[in-house]
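Structure file protein-v7.tsv (TSV, C-alpha atoms) is printed below.
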chain	number	residue	atom	x	y	z
P	1	MET	CA	67.84	-5.72	-30.17
P	2	ASN	CA	67.87	-4.86	-26.46
P	3	ILE	CA	66.33	-1.44	-27.22
P	4	ILE	CA	63.50	-3.06	-29.25
P	5	LYS	CA	62.77	-5.57	-26.46
P	6	LYS	CA	62.70	-2.78	-23.87
P	7	LYS	CA	60.22	-0.76	-25.92
P	8	LYS	CA	57.95	-3.79	-26.42
P	9	MET	CA	58.06	-4.50	-22.67
P	10	LYS	CA	57.29	-0.87	-21.88
P	11	TYR	CA	54.23	-0.75	-24.21
P	12	LYS	CA	52.95	-4.08	-22.87
P	13	ASN	CA	53.18	-2.85	-19.26
P	14	LEU	CA	51.42	0.43	-20.10
P	15	LEU	CA	48.58	-1.45	-21.85
P	16	LEU	CA	48.15	-3.81	-18.88
P	17	THR	CA	48.10	-0.93	-16.39
P	18	ALA	CA	45.51	1.01	-18.44
P	19	THR	CA	43.25	-2.05	-18.78
P	20	MET	CA	43.30	-2.77	-15.02
P	21	ALA	CA	42.65	0.90	-14.17
P	22	LEU	CA	39.64	1.03	-16.53
P	23	PHE	CA	38.17	-2.13	-14.96
P	24	ALA	CA	38.64	-0.72	-11.45
P	25	VAL	CA	36.91	2.58	-12.31
P	26	SER	CA	33.94	0.81	-13.90
P	27	THR	CA	33.58	-1.46	-10.85
P	28	VAL	CA	33.70	1.41	-8.35
P	29	THR	CA	31.16	3.51	-10.30
P	30	ALA	CA	28.65	0.63	-10.44
P	31	GLN	CA	25.67	1.09	-8.15
P	32	GLU	CA	26.00	-0.83	-4.91
P	33	ASP	CA	23.02	-1.63	-2.68
P	34	THR	CA	24.20	-2.69	0.78
P	35	ARG	CA	20.76	-2.71	2.38
P	36	ASP	CA	19.16	-5.93	3.64
P	37	GLN	CA	16.52	-7.23	1.23
P	38	LEU	CA	13.13	-8.59	2.41
P	39	LYS	CA	13.02	-12.28	1.37
P	40	SER	CA	9.70	-13.60	2.72
P	41	TYR	CA	6.98	-12.87	5.31
P	42	SER	CA	3.53	-13.94	6.53
P	43	TYR	CA	0.44	-11.84	7.25
P	44	VAL	CA	-3.12	-11.87	8.55
P	45	GLU	CA	-5.79	-9.51	7.22
P	46	ALA	CA	-9.35	-8.41	7.95
P	47	GLN	CA	-11.47	-6.80	5.21
P	48	GLY	CA	-14.89	-5.22	4.85
P	49	GLY	CA	-16.83	-3.83	1.89
P	50	VAL	CA	-19.69	-4.51	-0.50
P	51	GLN	CA	-20.66	-7.20	-3.01
P	52	LEU	CA	-22.90	-7.27	-6.06
P	53	THR	CA	-24.47	-10.35	-7.70
P	54	SER	CA	-25.18	-9.78	-11.41
P	55	THR	CA	-28.73	-10.31	-12.63
P	56	ASP	CA	-31.32	-8.63	-14.85
P	57	ALA	CA	-32.72	-6.57	-11.95
P	58	ASP	CA	-31.76	-2.98	-11.05
P	59	MET	CA	-28.07	-3.41	-10.13
P	60	THR	CA	-28.03	-0.40	-7.80
P	61	LYS	CA	-30.54	-2.16	-5.53
P	62	LEU	CA	-28.46	-5.36	-5.25
P	63	ILE	CA	-25.46	-4.01	-3.28
P	64	THR	CA	-25.02	-5.83	0.05
P	65	PRO	CA	-22.27	-5.89	2.74
P	66	THR	CA	-19.48	-8.46	2.88
P	67	VAL	CA	-16.56	-9.18	5.23
P	68	ALA	CA	-13.44	-11.35	4.87
P	69	VAL	CA	-10.47	-12.71	6.79
P	70	SER	CA	-7.31	-14.25	5.33
P	71	PHE	CA	-3.93	-15.72	6.19
P	72	GLY	CA	-1.15	-15.42	3.63
P	73	HIS	CA	2.54	-16.02	3.08
P	74	TYR	CA	4.94	-14.55	0.51
P	75	PHE	CA	7.57	-17.13	-0.44
P	76	THR	CA	9.52	-14.48	-2.40
P	77	PRO	CA	9.01	-10.70	-2.79
P	78	VAL	CA	6.95	-11.52	-5.92
P	79	VAL	CA	5.04	-14.81	-5.32
P	80	GLY	CA	2.66	-15.51	-2.43
P	81	ALA	CA	-0.46	-17.48	-1.52
P	82	ARG	CA	-3.36	-17.04	0.91
P	83	LEU	CA	-6.36	-18.80	2.43
P	84	HIS	CA	-9.27	-16.36	2.13
P	85	VAL	CA	-12.83	-16.56	3.49
P	86	ASN	CA	-15.50	-13.95	2.70
P	87	ALA	CA	-19.15	-14.11	3.67
P	88	TRP	CA	-22.33	-12.32	4.72
P	89	GLN	CA	-25.23	-11.52	2.44
P	90	ALA	CA	-26.24	-11.57	-1.24
P	91	LYS	CA	-29.29	-10.19	-3.04
P	92	SER	CA	-31.15	-10.79	-6.31
P	93	GLY	CA	-34.55	-9.98	-7.82
P	94	PHE	CA	-36.83	-9.53	-10.82
P	95	SER	CA	-36.68	-6.27	-12.79
P	96	ASP	CA	-40.17	-6.50	-14.23
P	97	LEU	CA	-41.77	-7.12	-10.81
P	98	ASP	CA	-39.46	-4.84	-8.82
P	99	GLN	CA	-39.21	-7.58	-6.17
P	100	PHE	CA	-36.04	-8.66	-4.37
P	101	TYR	CA	-34.88	-11.36	-1.97
P	102	LYS	CA	-31.76	-11.99	0.16
P	103	TRP	CA	-29.77	-15.01	1.31
P	104	LYS	CA	-26.52	-15.74	3.16
P	105	TYR	CA	-23.32	-17.28	1.81
P	106	ILE	CA	-19.73	-18.15	2.72
P	107	THR	CA	-16.87	-18.56	0.21
P	108	PRO	CA	-13.51	-20.08	1.26
P	109	SER	CA	-10.81	-19.92	-1.45
P	110	ALA	CA	-7.11	-20.60	-2.01
P	111	ASP	CA	-5.52	-17.73	-3.95
P	112	LEU	CA	-2.21	-17.18	-5.73
P	113	LEU	CA	-0.72	-13.66	-5.32
P	114	ILE	CA	1.67	-12.00	-7.79
P	115	ASN	CA	3.23	-8.67	-6.70
P	116	LEU	CA	3.55	-6.88	-10.06
P	117	THR	CA	5.40	-3.94	-8.51
P	118	ASN	CA	8.17	-6.14	-7.08
P	119	LEU	CA	8.25	-8.13	-10.33
P	120	MET	CA	9.29	-4.93	-12.15
P	121	SER	CA	11.62	-3.59	-9.42
P	122	GLN	CA	14.82	-4.68	-7.65
P	123	THR	CA	13.72	-3.63	-4.15
P	124	PRO	CA	10.50	-4.61	-2.26
P	125	LYS	CA	10.21	-1.20	-0.55
P	126	HIS	CA	7.47	0.78	-2.37
P	127	PRO	CA	4.79	3.19	-1.07
P	128	LEU	CA	2.15	1.29	-3.08
P	129	ASN	CA	2.13	-2.27	-4.47
P	130	ILE	CA	-0.07	-3.61	-7.28
P	131	ILE	CA	-0.92	-7.30	-6.71
P	132	LEU	CA	-2.66	-9.64	-9.13
P	133	LEU	CA	-4.65	-12.53	-7.59
P	134	GLY	CA	-6.44	-15.62	-8.80
P	135	GLY	CA	-7.80	-18.69	-7.07
P	136	ILE	CA	-10.36	-21.44	-6.69
P	137	GLY	CA	-12.66	-22.45	-3.87
P	138	LEU	CA	-16.15	-23.43	-2.81
P	139	ASN	CA	-19.34	-21.53	-2.07
P	140	TYR	CA	-22.10	-22.49	0.35
P	141	ALA	CA	-25.44	-20.61	0.37
P	142	TRP	CA	-28.42	-20.84	2.73
P	143	ASP	CA	-31.43	-19.00	4.18
P	144	ASN	CA	-33.21	-17.91	0.97
P	145	ASP	CA	-36.63	-17.92	2.68
P	146	GLU	CA	-37.46	-14.45	1.33
P	147	LEU	CA	-37.75	-16.00	-2.14
P	148	LYS	CA	-40.57	-18.26	-0.93
P	149	ASP	CA	-42.52	-15.23	0.32
P	150	LEU	CA	-42.65	-13.60	-3.14
P	151	ASN	CA	-45.99	-14.03	-4.95
P	152	LEU	CA	-44.65	-15.64	-8.14
P	153	SER	CA	-46.42	-17.78	-10.68
P	154	ALA	CA	-45.32	-21.34	-11.18
P	155	ALA	CA	-43.66	-20.37	-14.47
P	156	ARG	CA	-41.58	-17.72	-12.76
P	157	THR	CA	-40.59	-19.79	-9.70
P	158	PRO	CA	-36.79	-20.19	-9.77
P	159	LEU	CA	-35.02	-23.47	-9.29
P	160	ALA	CA	-34.75	-24.24	-5.56
P	161	TRP	CA	-31.45	-25.30	-4.01
P	162	LYS	CA	-33.00	-28.34	-2.41
P	163	ASP	CA	-30.22	-30.29	-0.71
P	164	ASP	CA	-27.41	-29.23	-3.07
P	165	LYS	CA	-26.28	-25.85	-1.71
P	166	LEU	CA	-22.54	-26.27	-2.39
P	167	SER	CA	-21.00	-24.90	-5.61
P	168	HIS	CA	-17.63	-24.03	-7.10
P	169	ASN	CA	-15.98	-20.59	-7.09
P	170	ILE	CA	-13.33	-19.29	-9.54
P	171	ARG	CA	-11.82	-15.93	-8.67
P	172	ALA	CA	-9.65	-13.22	-10.27
P	173	GLY	CA	-8.89	-9.77	-8.89
P	174	LEU	CA	-6.52	-6.91	-8.19
P	175	ARG	CA	-5.14	-5.46	-4.93
P	176	LEU	CA	-3.54	-2.15	-4.02
P	177	GLU	CA	-1.43	-2.52	-0.87
P	178	THR	CA	0.80	-0.11	1.07
P	179	ASP	CA	4.54	-0.69	1.74
P	180	VAL	CA	4.99	-4.42	2.46
P	181	THR	CA	8.15	-3.82	4.53
P	182	LYS	CA	6.08	-2.15	7.29
P	183	PRO	CA	4.42	-4.18	10.10
P	184	LEU	CA	0.94	-2.78	9.37
P	185	GLY	CA	-0.59	-2.27	5.95
P	186	LEU	CA	-3.77	-1.00	4.28
P	187	SER	CA	-5.28	-2.51	1.15
P	188	PHE	CA	-8.04	-2.03	-1.41
P	189	GLU	CA	-9.18	-5.14	-3.29
P	190	VAL	CA	-11.65	-5.79	-6.10
P	191	ASN	CA	-12.38	-9.24	-7.47
P	192	ALA	CA	-14.82	-11.13	-9.66
P	193	ASN	CA	-16.13	-14.56	-8.67
P	194	SER	CA	-17.63	-17.04	-11.11
P	195	ILE	CA	-20.11	-19.19	-9.12
P	196	ASP	CA	-22.46	-22.01	-10.10
P	197	ASP	CA	-25.79	-21.08	-11.73
P	198	ARG	CA	-27.64	-22.16	-8.54
P	199	PHE	CA	-26.08	-19.35	-6.47
P	200	ASN	CA	-28.94	-16.84	-6.87
P	201	SER	CA	-31.71	-19.53	-7.02
P	202	LYS	CA	-32.41	-18.66	-10.67
P	203	THR	CA	-31.12	-20.58	-13.71
P	204	ASN	CA	-30.05	-19.17	-17.05
P	205	ASP	CA	-27.63	-21.91	-18.19
P	206	ALA	CA	-24.59	-19.76	-17.28
P	207	ASP	CA	-22.50	-19.21	-14.16
P	208	ASP	CA	-23.53	-16.40	-11.82
P	209	TRP	CA	-21.06	-13.53	-11.28
P	210	GLN	CA	-20.36	-11.93	-7.92
P	211	PHE	CA	-18.24	-8.77	-7.70
P	212	THR	CA	-16.69	-7.51	-4.43
P	213	ALA	CA	-14.84	-4.36	-3.38
P	214	MET	CA	-13.20	-4.31	0.07
P	215	LEU	CA	-10.88	-2.24	2.23
P	216	GLY	CA	-8.54	-4.15	4.54
P	217	ILE	CA	-5.92	-3.84	7.27
P	218	SER	CA	-3.13	-6.40	7.59
P	219	TYR	CA	-0.40	-7.30	10.08
P	220	ARG	CA	2.88	-8.70	8.69
P	221	PHE	CA	5.15	-10.94	10.74
P	222	GLY	CA	7.85	-13.61	10.41
P	223	LYS	CA	9.95	-11.46	8.07
P	224	ARG	CA	13.18	-12.94	6.71
P	225	TYR	CA	15.94	-10.86	5.15
P	226	GLN	CA	18.97	-11.59	3.02
P	227	LYS	CA	22.09	-9.50	2.54
P	228	PRO	CA	23.17	-8.60	-1.01
P	229	ALA	CA	26.31	-10.20	-2.37
P	230	PRO	CA	29.40	-8.08	-1.67
P	231	VAL	CA	30.90	-6.14	-4.57
P	232	LEU	CA	34.55	-7.02	-5.05
P	233	ILE	CA	36.81	-4.16	-6.14
P	234	PRO	CA	40.10	-5.25	-7.72
P	235	ILE	CA	43.29	-3.65	-6.47
P	236	VAL	CA	45.27	-1.95	-9.20
P	237	GLN	CA	49.01	-2.41	-8.73
P	238	GLU	CA	51.62	-0.50	-10.59
P	239	VAL	CA	53.63	-2.68	-12.97
P	240	VAL	CA	57.35	-2.01	-12.51
P	241	GLU	CA	59.49	-2.48	-15.57
P	242	ASP	CA	62.23	-5.06	-15.17
P	243	ASN	CA	65.55	-3.30	-15.65
P	244	SER	CA	67.66	-6.07	-14.15
P	245	ALA	CA	69.64	-6.45	-17.37
P	246	ASP	CA	70.68	-2.77	-17.30
P	247	LEU	CA	71.46	-2.95	-13.57
P	248	ALA	CA	73.68	-5.96	-14.15
P	249	GLU	CA	75.76	-3.97	-16.61
P	250	ALA	CA	76.23	-1.08	-14.16
P	251	THR	CA	78.92	-1.15	-11.48
P	252	PRO	CA	77.23	-1.81	-8.12
P	253	VAL	CA	77.77	0.75	-5.38
P	254	ILE	CA	77.34	-0.62	-1.86
P	255	VAL	CA	76.26	1.93	0.74
P	256	GLU	CA	75.98	0.83	4.32
P	257	GLU	CA	73.07	2.40	6.17
P	258	LYS	CA	72.75	2.37	9.89
P	259	LYS	CA	69.41	0.87	10.88
P	260	PRO	CA	67.46	3.00	13.37
P	261	GLU	CA	66.53	1.56	16.72
P	262	PRO	CA	62.91	0.28	16.82
P	263	LYS	CA	60.46	2.52	18.66
P	264	ALA	CA	57.53	1.44	20.77
P	265	VAL	CA	54.21	2.58	19.27
P	266	VAL	CA	50.87	2.22	21.06
P	267	LYS	CA	48.00	1.37	18.72
P	268	THR	CA	44.25	1.05	19.27
P	269	GLU	CA	41.79	-1.48	17.83
P	270	ASN	CA	38.06	-0.78	18.06
P	271	LEU	CA	35.17	-3.27	18.06
P	272	HIS	CA	31.67	-2.30	16.88
P	273	GLU	CA	28.87	-4.78	16.18
P	274	GLU	CA	25.18	-4.13	15.41
P	275	ILE	CA	22.81	-7.07	15.90
P	276	PHE	CA	19.27	-6.70	14.52
P	277	TYR	CA	16.13	-8.52	15.69
P	278	VAL	CA	12.76	-9.65	14.36
P	279	ILE	CA	9.76	-7.92	15.94
P	280	CYS	CA	8.86	-9.29	19.42
P	281	LYS	CA	12.08	-11.33	19.53
P	282	SER	CA	15.06	-11.08	21.90
P	283	ASP	CA	17.20	-14.04	20.84
P	284	PRO	CA	19.92	-13.24	18.24
P	285	THR	CA	19.42	-14.49	14.69
P	286	GLU	CA	21.92	-16.81	12.98
P	287	GLY	CA	23.80	-13.75	11.72
P	288	GLY	CA	23.78	-12.32	15.25
P	289	GLN	CA	25.48	-15.49	16.56
P	290	ALA	CA	28.33	-14.93	14.12
P	291	GLN	CA	28.69	-11.36	15.43
P	292	LEU	CA	28.79	-12.62	19.04
P	293	GLN	CA	31.57	-15.01	18.01
P	294	ARG	CA	33.61	-12.03	16.76
P	295	VAL	CA	33.03	-10.25	20.09
P	296	ALA	CA	34.21	-13.35	21.98
P	297	ASP	CA	37.33	-13.61	19.79
P	298	PHE	CA	38.10	-9.94	20.47
P	299	MET	CA	37.83	-10.43	24.25
P	300	LYS	CA	40.07	-13.51	24.13
P	301	LYS	CA	42.66	-11.68	22.04
P	302	TYR	CA	42.73	-8.62	24.31
P	303	LYS	CA	42.55	-9.79	27.92
P	304	ASP	CA	42.04	-6.30	29.41
P	305	ALA	CA	39.35	-5.10	27.00
P	306	LYS	CA	35.89	-4.36	28.41
P	307	VAL	CA	32.69	-4.63	26.37
P	308	GLN	CA	29.62	-2.36	26.49
P	309	ILE	CA	26.28	-3.90	25.32
P	310	VAL	CA	23.29	-1.53	24.82
P	311	GLY	CA	19.79	-2.80	23.93
P	312	TYR	CA	17.23	-0.83	21.90
P	313	ALA	CA	13.61	-1.21	20.70
P	314	ASP	CA	11.84	0.45	17.79
P	315	ARG	CA	9.40	3.24	18.57
P	316	GLY	CA	7.09	2.33	15.68
P	317	THR	CA	5.64	-0.77	17.38
P	318	GLY	CA	4.58	-1.75	20.89
P	319	ASN	CA	4.55	0.76	23.75
P	320	PRO	CA	7.28	2.24	26.01
P	321	GLN	CA	6.79	-0.37	28.78
P	322	ILE	CA	7.00	-3.36	26.42
P	323	ASN	CA	9.87	-1.80	24.48
P	324	VAL	CA	11.93	-1.32	27.70
P	325	MET	CA	11.43	-5.00	28.48
P	326	TYR	CA	12.55	-6.17	25.03
P	327	ALA	CA	15.57	-3.84	24.98
P	328	GLU	CA	16.74	-5.08	28.41
P	329	ARG	CA	16.14	-8.72	27.44
P	330	ARG	CA	18.11	-8.40	24.19
P	331	ALA	CA	21.15	-6.93	25.95
P	332	ALA	CA	20.97	-9.51	28.76
P	333	GLU	CA	20.69	-12.47	26.39
P	334	CYS	CA	23.74	-11.25	24.42
P	335	LYS	CA	25.77	-11.15	27.65
P	336	ASP	CA	24.46	-14.56	28.70
P	337	ALA	CA	25.52	-16.06	25.34
P	338	LEU	CA	29.02	-14.52	25.58
P	339	VAL	CA	29.51	-15.90	29.11
P	340	ASN	CA	27.86	-19.34	28.89
P	341	LYS	CA	28.33	-20.23	25.23
P	342	TYR	CA	31.63	-18.55	24.36
P	343	GLY	CA	33.33	-18.60	27.77
P	344	CYS	CA	33.88	-14.84	28.20
P	345	ASP	CA	34.54	-13.13	31.56
P	346	ALA	CA	31.24	-11.66	32.83
P	347	ALA	CA	33.12	-9.03	34.90
P	348	ARG	CA	34.38	-7.46	31.67
P	349	ILE	CA	30.89	-7.07	30.15
P	350	ASP	CA	28.59	-4.14	30.99
P	351	ILE	CA	24.99	-3.97	29.72
P	352	ASP	CA	22.56	-1.07	29.36
P	353	SER	CA	19.08	-0.51	27.87
P	354	LYS	CA	17.63	2.53	26.13
P	355	GLY	CA	14.16	1.09	25.36
P	356	ASP	CA	12.66	3.22	22.60
P	357	THR	CA	13.85	6.55	24.08
P	358	VAL	CA	16.91	6.51	21.81
P	359	GLN	CA	16.63	5.59	18.12
P	360	PRO	CA	20.14	5.12	16.67
P	361	PHE	CA	18.85	4.53	13.11
P	362	ALA	CA	16.56	6.52	10.83
P	363	GLU	CA	14.84	3.34	9.62
P	364	ASN	CA	12.32	2.24	12.28
P	365	ASP	CA	12.82	-1.56	11.98
P	366	LYS	CA	16.61	-1.30	12.45
P	367	ASN	CA	16.07	0.11	15.96
P	368	ARG	CA	15.21	-3.40	17.17
P	369	CYS	CA	18.87	-3.99	17.85
P	370	VAL	CA	21.77	-4.41	20.21
P	371	ILE	CA	24.95	-2.34	19.71
P	372	ILE	CA	28.22	-3.72	21.12
P	373	ASP	CA	31.36	-1.55	21.46
P	374	SER	CA	34.85	-2.14	22.83
P	375	LYS	CA	38.35	-0.72	22.52
P	376	ALA	CA	41.78	-2.30	23.09
P	377	GLN	CA	45.32	-0.90	23.10
P	378	TYR	CA	48.51	-2.79	22.24
P	379	THR	CA	52.16	-1.93	21.69
P	380	VAL	CA	54.25	-2.65	18.58
P	381	TYR	CA	57.87	-1.83	17.75
P	382	GLU	CA	58.53	-0.05	14.49
Could you express the structure from this file as structure tokens?
Amino acid sequence: MNIIKKKKMKYKNLLLTATMALFAVSTVTAQEDTRDQLKSYSYVEAQGGVQLTSTDADMTKLITPTVAVSFGHYFTPVVGARLHVNAWQAKSGFSDLDQFYKWKYITPSADLLINLTNLMSQTPKHPLNIILLGGIGLNYAWDNDELKDLNLSAARTPLAWKDDKLSHNIRAGLRLETDVTKPLGLSFEVNANSIDDRFNSKTNDADDWQFTAMLGISYRFGKRYQKPAPVLIPIVQEVVEDNSADLAEATPVIVEEKKPEPKAVVKTENLHEEIFYVICKSDPTEGGQAQLQRVADFMKKYKDAKVQIVGYADRGTGNPQINVMYAERRAAECKDALVNKYGCDAARIDIDSKGDTVQPFAENDKNRCVIIDSKAQYTVYE
């Protein structure tokens, strides 16, 4: 009976060990993304291009310039909204008379933005983004005096605006935009606008259509990041078979061993913290405050340890003079927080600034940072 129990125990332990080892291997081989993920950001944009108002006249003769400005915010990497205003000049005419007239307009709209590229991908960093847009707004038109100068019969005279120059606008379009994780971006946008029948001063019992194509340049700011959840790797421990019953049956042999004298061993503990900053900022983020707390705890634990704080700025934005200022300010504010907020000894803290002459990271935005290093030695007896 004892032999059967031992075999069952042995098979059970082997099965448990194999199961845990398989789970550990599958966890380690899973892809792990430790990079910070862009959560949200705001932007401003200026655009310029052409517009076309559909009519029965020669369409090639109706192309006129248009400009636009907008302010937008992405609440997630996929969903955003913007306030958009485009304006300038529109044109219409009569194909049978080969006569044309112009007027001015302005169209403010509120648009919803859907980043289709980020919707299909796990990371917001792409060379090119495809963005779907749709929105509603108003249109105001004025200065159609050229229409009055045309020699038209009473039957051909279009409906005048009179006092009612305001109409609705319903918009749908598509944008191509460069990498949204960069501070500056380029875009190409086309959209179609459904506007009230009064827009071109002619009536045909159907909404007028205005089509625009614009190139734009945008500046992104106020970026917020989130760190991915850590991947937990289980520790596989060897299961030792319990042979206490067999050991109890054996005659114990007691061997006295002389314990060696403990020896003094000097060990070293290193501190390394990297604090990252938003563009044009020098105060640490909430995550940076937690890192400063770890530095303060290290200095309190090791009374003789000295700390080196070095400030950096990214070369991709600003200029060398401004970047030197931000790098110095970031290092100085870290020291000030350690001394005044966490009670550290200022004499044990040295600061330095590299401006943008040294770039410790390959990714441009990470070079807006402060790097803190320290080393402490202590003795243990083993």
Go through region 50-117 of chain P residue by residue and, counting all atoms listed in the file, keep those with an atom at most 10 Å from region 184-202 of chain P; for each kept residue give the shortest atom pair and its distance in Å to one decimal, ordered by chain and increasing number, as a Markdown table.
| residue | atom | partner | partner_atom | distance |
| --- | --- | --- | --- | --- |
| P:Val50 | CA | P:Val190 | CA | 9.9 |
| P:Gln51 | CA | P:Asn191 | CA | 9.6 |
| P:Leu52 | CA | P:Ala192 | CA | 9.7 |
| P:Thr53 | CA | P:Asn200 | CA | 7.9 |
| P:Ser54 | CA | P:Asn200 | CA | 9.2 |
| P:Thr55 | CA | P:Asn200 | CA | 8.7 |
| P:Ala90 | CA | P:Asn200 | CA | 8.2 |
| P:Lys91 | CA | P:Asn200 | CA | 7.7 |
| P:Ser92 | CA | P:Asn200 | CA | 6.5 |
| P:Gly93 | CA | P:Asn200 | CA | 8.9 |
| P:Tyr101 | CA | P:Asn200 | CA | 9.5 |
| P:Lys102 | CA | P:Asn200 | CA | 9.0 |
| P:Trp103 | CA | P:Asn200 | CA | 8.4 |
| P:Tyr105 | CA | P:Phe199 | CA | 9.0 |
| P:Thr107 | CA | P:Asn193 | CA | 9.8 |
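Considering the residues P:His84, P:Lys281, P:Lys301, P:Arg294 and counting only C-alpha atoms, Ala327 (chain P) has its shortest atom-to-atom contact with P:Lys281.
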Query - Polymer residues at most 9 Å from Tyr225 (chain P), all atoms listed in the file, same-chain spacing of 4 or more positions, as a PyMOL selection string - result: chain P and resi 36-40
**Report entry** Nearest-residue call for Thr66 (chain P), choices P:Ser374, P:Asn86, P:Asn115, P:Cys344, using all atoms listed in the file
**Finding:** P:Asn86
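The shell of residues at most 10 Å from Asp58 (chain P), with all atoms listed in the file counted and near chain neighbours (fewer than 5 positions) removed, consists of P:Ser92, P:Gly93, P:Phe94, P:Ser95, P:Asp96, P:Asp98, P:Phe100.
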Query raised in the report: Do you know which residues lie at most 9 Å from (-11.4, -16.0, -8.2), with coordinates as in the file and all atoms listed in the file counted, and could you write them as a list of chain:residue names?
Result: P:Ser109, P:Ala110, P:Asp111, P:Leu133, P:Gly134, P:Gly135, P:Ile136, P:Gly137, P:Asn169, P:Ile170, P:Arg171, P:Ala172, P:Gly173, P:Asn191, P:Ala192, P:Asn193, P:Ser194
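Checking P:Pro77, P:Pro108, P:Gly222, P:Pro127 one by one against Ile279 (chain P), counting only C-alpha atoms, you find the shortest gap at P:Gly222.
Taking CA of Glu273 (chain P) and CA of Ile309 (chain P) as endpoints, the distance between them is 9.5 Å.
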Requested in this report: Tell me, as a PyMOL selection string, which residues lie within 12 Å of Thr317 (chain P), counting all atoms listed in the file; anything in the same chain fewer than 5 positions away does not count.
Outcome: chain P and resi 182-184+219+278-280+322-323+326+355-356+364-365+367-368
Take the residues from that selection and write them out as a short mmCIF file (atom, residue, chain, number, x, y, z; two decimals), keeping the file's coordinate frame, keeping C-alpha atoms.
data_model
loop_
_atom_site.label_atom_id
_atom_site.label_comp_id
_atom_site.auth_asym_id
_atom_site.auth_seq_id
_atom_site.Cartn_x
_atom_site.Cartn_y
_atom_site.Cartn_z
CA LYS P 182 6.08 -2.15 7.29
CA PRO P 183 4.42 -4.18 10.10
CA LEU P 184 0.94 -2.78 9.37
CA TYR P 219 -0.40 -7.30 10.08
CA VAL P 278 12.76 -9.65 14.36
CA ILE P 279 9.76 -7.92 15.94
CA CYS P 280 8.86 -9.29 19.42
CA ILE P 322 7.00 -3.36 26.42
CA ASN P 323 9.87 -1.80 24.48
CA TYR P 326 12.55 -6.17 25.03
CA GLY P 355 14.16 1.09 25.36
CA ASP P 356 12.66 3.22 22.60
CA ASN P 364 12.32 2.24 12.28
CA ASP P 365 12.82 -1.56 11.98
CA ASN P 367 16.07 0.11 15.96
CA ARG P 368 15.21 -3.40 17.17
#
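With CA of Val85 (chain P) on one side and CA of Ile106 (chain P) on the other, the separation reads 7.1 Å.
Closest approach to Met325 (chain P) from the set P:Leu128, P:Ala206, P:Ala313, P:Val380 is made by P:Ala313, with distances taken over only C-alpha atoms.
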Polymer residues at most 10 Å from Leu292 (chain P), all atoms listed in the file, same-chain spacing of 5 or more positions, as a JSON list (two decimals) with C-alpha atoms, in the coordinates of the input:
[["chain", "number", "residue", "atom", "x", "y", "z"],
["P", 273, "GLU", "CA", 28.87, -4.78, 16.18],
["P", 274, "GLU", "CA", 25.18, -4.13, 15.41],
["P", 275, "ILE", "CA", 22.81, -7.07, 15.90],
["P", 284, "PRO", "CA", 19.92, -13.24, 18.24],
["P", 287, "GLY", "CA", 23.80, -13.75, 11.72],
["P", 297, "ASP", "CA", 37.33, -13.61, 19.79],
["P", 298, "PHE", "CA", 38.10, -9.94, 20.47],
["P", 334, "CYS", "CA", 23.74, -11.25, 24.42],
["P", 335, "LYS", "CA", 25.77, -11.15, 27.65],
["P", 337, "ALA", "CA", 25.52, -16.06, 25.34],
["P", 338, "LEU", "CA", 29.02, -14.52, 25.58],
["P", 341, "LYS", "CA", 28.33, -20.23, 25.23],
["P", 342, "TYR", "CA", 31.63, -18.55, 24.36],
["P", 372, "ILE", "CA", 28.22, -3.72, 21.12]]
Requested in this report: In the coordinates of the file, take the point (9.6, -15.4, -3.1) and a cut-off of 12 Å; then, counting only C-alpha atoms, name each qualifying protein, DNA or RNA residue as a list in words.
Outcome: Gln37, Leu38, Lys39, Ser40, Tyr41, Ser42, His73, Tyr74, Phe75, Thr76, Pro77, Val78, Val79, Gly80, Ala81, Leu113, Ile114, Asn115, Asn118, Leu119, Pro124, Lys223, Arg224, Tyr225 and Gln226 of chain P
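Nearest to Asp149 (chain P) of all the residues P:Ser218, P:Gln99, P:Ile254, P:Met120 is P:Gln99, counting all atoms listed in the file.
Of the residues under consideration (P:Gln289, P:Lys306, P:Leu138, P:Lys259), P:Leu138 shows the shortest atom-to-atom contact distance to Leu166 (chain P) when counting all atoms listed in the file.
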Within 10 Å of region 212-215 of chain P, which residues of region 62-111 of chain P come that close, and what is the closest atom pair and distance in Å for each? Count only C-alpha atoms and give it as a Markdown table.
| residue | atom | partner | partner_atom | distance |
| --- | --- | --- | --- | --- |
| P:Ile63 | CA | P:Thr212 | CA | 9.5 |
| P:Thr64 | CA | P:Thr212 | CA | 9.6 |
| P:Pro65 | CA | P:Thr212 | CA | 9.2 |
| P:Thr66 | CA | P:Thr212 | CA | 7.9 |
| P:Val67 | CA | P:Met214 | CA | 7.9 |
| P:Ala68 | CA | P:Met214 | CA | 8.5 |
| P:Asn86 | CA | P:Thr212 | CA | 9.7 |
Query - Gap from CA of Tyr381 (chain P) to CA of Tyr302 (chain P) - Å, one decimal - result: 17.8 Å
